[in-house]
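For reference, my_file19.pdb is printed below; it contains PDB, C-alpha atoms.
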```
ATOM      1  CA  MET I   3     -34.594  -0.046  -7.160
ATOM      2  CA  ALA I   4     -31.460  -1.496  -8.772
ATOM      3  CA  GLN I   5     -30.787  -5.200  -8.426
ATOM      4  CA  THR I   6     -27.846  -5.976  -6.132
ATOM      5  CA  VAL I   7     -25.332  -8.807  -6.421
ATOM      6  CA  ASN I   8     -22.625 -10.204  -4.166
ATOM      7  CA  VAL I   9     -19.013  -9.592  -5.185
ATOM      8  CA  ASN I  10     -16.358 -11.770  -3.563
ATOM      9  CA  PHE I  11     -12.604 -11.256  -3.553
ATOM     10  CA  ARG I  12      -9.696 -12.220  -1.343
ATOM     11  CA  MET I  13      -7.865  -9.782   0.925
ATOM     12  CA  ASP I  14      -5.280 -10.027   3.690
ATOM     13  CA  LEU I  15      -7.084 -10.471   7.028
ATOM     14  CA  ASP I  16      -5.228  -7.628   8.784
ATOM     15  CA  LEU I  17      -5.927  -5.276   5.890
ATOM     16  CA  LYS I  18      -9.627  -6.187   6.015
ATOM     17  CA  LYS I  19      -9.820  -5.579   9.758
ATOM     18  CA  SER I  20      -8.062  -2.213   9.394
ATOM     19  CA  MET I  21     -10.373  -1.149   6.604
ATOM     20  CA  GLU I  22     -13.467  -2.243   8.521
ATOM     21  CA  LYS I  23     -12.324  -0.151  11.502
ATOM     22  CA  ILE I  24     -11.605   2.929   9.394
ATOM     23  CA  CYS I  25     -14.917   2.606   7.524
ATOM     24  CA  SER I  26     -16.730   2.219  10.839
ATOM     25  CA  ASP I  27     -14.986   5.342  12.158
ATOM     26  CA  MET I  28     -16.338   7.178   9.096
ATOM     27  CA  GLY I  29     -19.831   5.826   9.704
ATOM     28  CA  MET I  30     -19.992   3.416   6.781
ATOM     29  CA  SER I  31     -19.527  -0.237   5.965
ATOM     30  CA  MET I  32     -16.900  -1.702   3.670
ATOM     31  CA  THR I  33     -19.710  -2.421   1.208
ATOM     32  CA  THR I  34     -20.559   1.289   1.121
ATOM     33  CA  ALA I  35     -16.878   2.217   0.685
ATOM     34  CA  PHE I  36     -16.425  -0.208  -2.214
ATOM     35  CA  THR I  37     -19.687   0.945  -3.790
ATOM     36  CA  ILE I  38     -18.470   4.558  -3.631
ATOM     37  CA  PHE I  39     -15.189   3.452  -5.224
ATOM     38  CA  ALA I  40     -17.021   1.531  -7.992
ATOM     39  CA  LYS I  41     -19.302   4.495  -8.744
ATOM     40  CA  LYS I  42     -16.337   6.873  -8.922
ATOM     41  CA  VAL I  43     -14.427   4.532 -11.275
ATOM     42  CA  THR I  44     -17.525   4.136 -13.455
ATOM     43  CA  ASN I  45     -18.307   7.866 -13.601
ATOM     44  CA  GLU I  46     -14.720   9.017 -14.202
ATOM     45  CA  ARG I  47     -13.532   5.971 -16.175
ATOM     46  CA  ARG I  48     -10.283   5.951 -14.175
ATOM     47  CA  ILE I  49      -8.906   4.837 -10.823
ATOM     48  CA  PRO I  50      -9.677   7.866  -8.604
ATOM     49  CA  PHE I  51      -6.188   8.060  -7.099
ATOM     50  CA  GLU I  52      -2.619   7.819  -8.307
ATOM     51  CA  ILE I  53      -1.095   4.358  -8.492
ATOM     52  CA  SER I  54       2.666   4.172  -8.765
ATOM     53  CA  ALA I  55       5.410   1.730  -7.986
ATOM     54  CA  ASP I  56       7.321   2.353  -4.785
ATOM     55  CA  PRO I  57      10.984   2.735  -5.847
ATOM     56  CA  PHE I  58      12.017   1.002  -2.626
ATOM     57  CA  TYR I  59      10.801  -2.274  -4.147
ATOM     58  CA  SER I  60      12.544  -1.806  -7.488
ATOM     59  CA  GLU I  61      14.529  -4.772  -8.756
ATOM     60  CA  SER I  62      17.844  -2.935  -8.394
ATOM     61  CA  ASN I  63      17.148  -1.789  -4.821
ATOM     62  CA  MET I  64      15.981  -5.249  -3.739
ATOM     63  CA  ALA I  65      19.170  -6.758  -5.209
ATOM     64  CA  TYR I  66      21.243  -4.192  -3.292
ATOM     65  CA  LEU I  67      19.389  -4.902  -0.036
ATOM     66  CA  ASN I  68      19.801  -8.656  -0.474
ATOM     67  CA  GLU I  69      23.541  -8.155  -1.045
ATOM     68  CA  VAL I  70      23.847  -6.059   2.130
ATOM     69  CA  ILE I  71      21.853  -8.628   4.123
ATOM     70  CA  SER I  72      24.128 -11.371   2.842
ATOM     71  CA  LYS I  73      27.223  -9.386   3.868
ATOM     72  CA  ILE I  74      25.744  -8.697   7.317
ATOM     73  CA  LYS I  75      25.061 -12.418   7.804
ATOM     74  CA  LYS I  76      28.650 -13.237   6.741
ATOM     75  CA  GLY I  77      30.040 -10.486   8.968
ATOM     76  CA  THR I  78      31.680  -8.718   6.035
ATOM     77  CA  ALA I  79      29.414  -5.684   5.807
ATOM     78  CA  ASN I  80      31.088  -2.288   5.977
ATOM     79  CA  LEU I  81      28.453  -0.421   7.982
ATOM     80  CA  SER I  82      28.967   3.072   9.321
ATOM     81  CA  GLU I  83      26.926   5.706  11.063
ATOM     82  CA  HIS I  84      25.483   8.519   9.013
ATOM     83  CA  ASP I  85      24.111  11.974   9.745
ATOM     84  CA  LEU I  86      20.427  12.723   9.431
ATOM     85  CA  ILE I  87      19.935  15.274   6.687
ATOM     86  CA  GLU I  88      17.155  17.679   7.573
ATOM     87  CA  LYS I  89      15.300  19.309   4.741
ATOM     88  CA  GLU I  90      14.214  22.914   5.093
ATOM     89  CA  GLN I  91      10.539  23.476   4.395
TER      90      GLN I  91
END
```
What's the structure tokens form of this structure?
Amino acid sequence: MAQTVNVNFRMDLDLKKSMEKICSDMGMSMTTAFTIFAKKVTNERRIPFEISADPFYSESNMAYLNEVISKIKKGTANLSEHDLIEKEQ
């Protein structure tokens, strides 16, 4: 049998609780889930899912949002209603 070791890392408490619940719903522990992840990374030599930056958090969008927030706080924002655009499937 392979020797086991403890691996410690920090995680947001709410995220940990959510993951524990989801793992439990799937009938496994977080340890099992992370072991599956580690085996998949090792076997495939890649992260087994796509990782990309959310454009919402881009530097230019965050600057725009901060500018709008500033204008709202000053009462100078030019806000208007807009129509919901529905996309055909």
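Residue selection for this entry, given the PyMOL selection byres ((chain I and resi 9) around 12), comprises Thr6, Val7, Asn8, Asn10, Phe11, Arg12, Thr33, Phe36, Thr37 and Ala40 of chain I.
Taking atom CA of I:Phe58 and atom CA of I:Phe39 as endpoints, the distance between them is 27.4 Å.
Proximity to I:Ser31 at 8 Å, evaluated using all atoms listed in the file and with sequence-adjacent residues fewer than 5 positions away removed, yields Glu22, Cys25 and Ser26 of chain I.
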Limited to C-alpha atoms, could you put the picked residues into a file as a PDB file, in the coordinates of the input?
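The file below, out_27.pdb, is the result:
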```pdb
ATOM      1  CA  GLU I  22     -13.467  -2.243   8.521  1.00  0.00           C
ATOM      2  CA  CYS I  25     -14.917   2.606   7.524  1.00  0.00           C
ATOM      3  CA  SER I  26     -16.730   2.219  10.839  1.00  0.00           C
TER       4      SER I  26
END
```
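A straight line drawn from atom CA of I:Lys18 to atom CA of I:Met64 is 27.4 Å long.
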re atom CA of I:Met13 and atom CA of I:Ser62: distance 28.2 Å
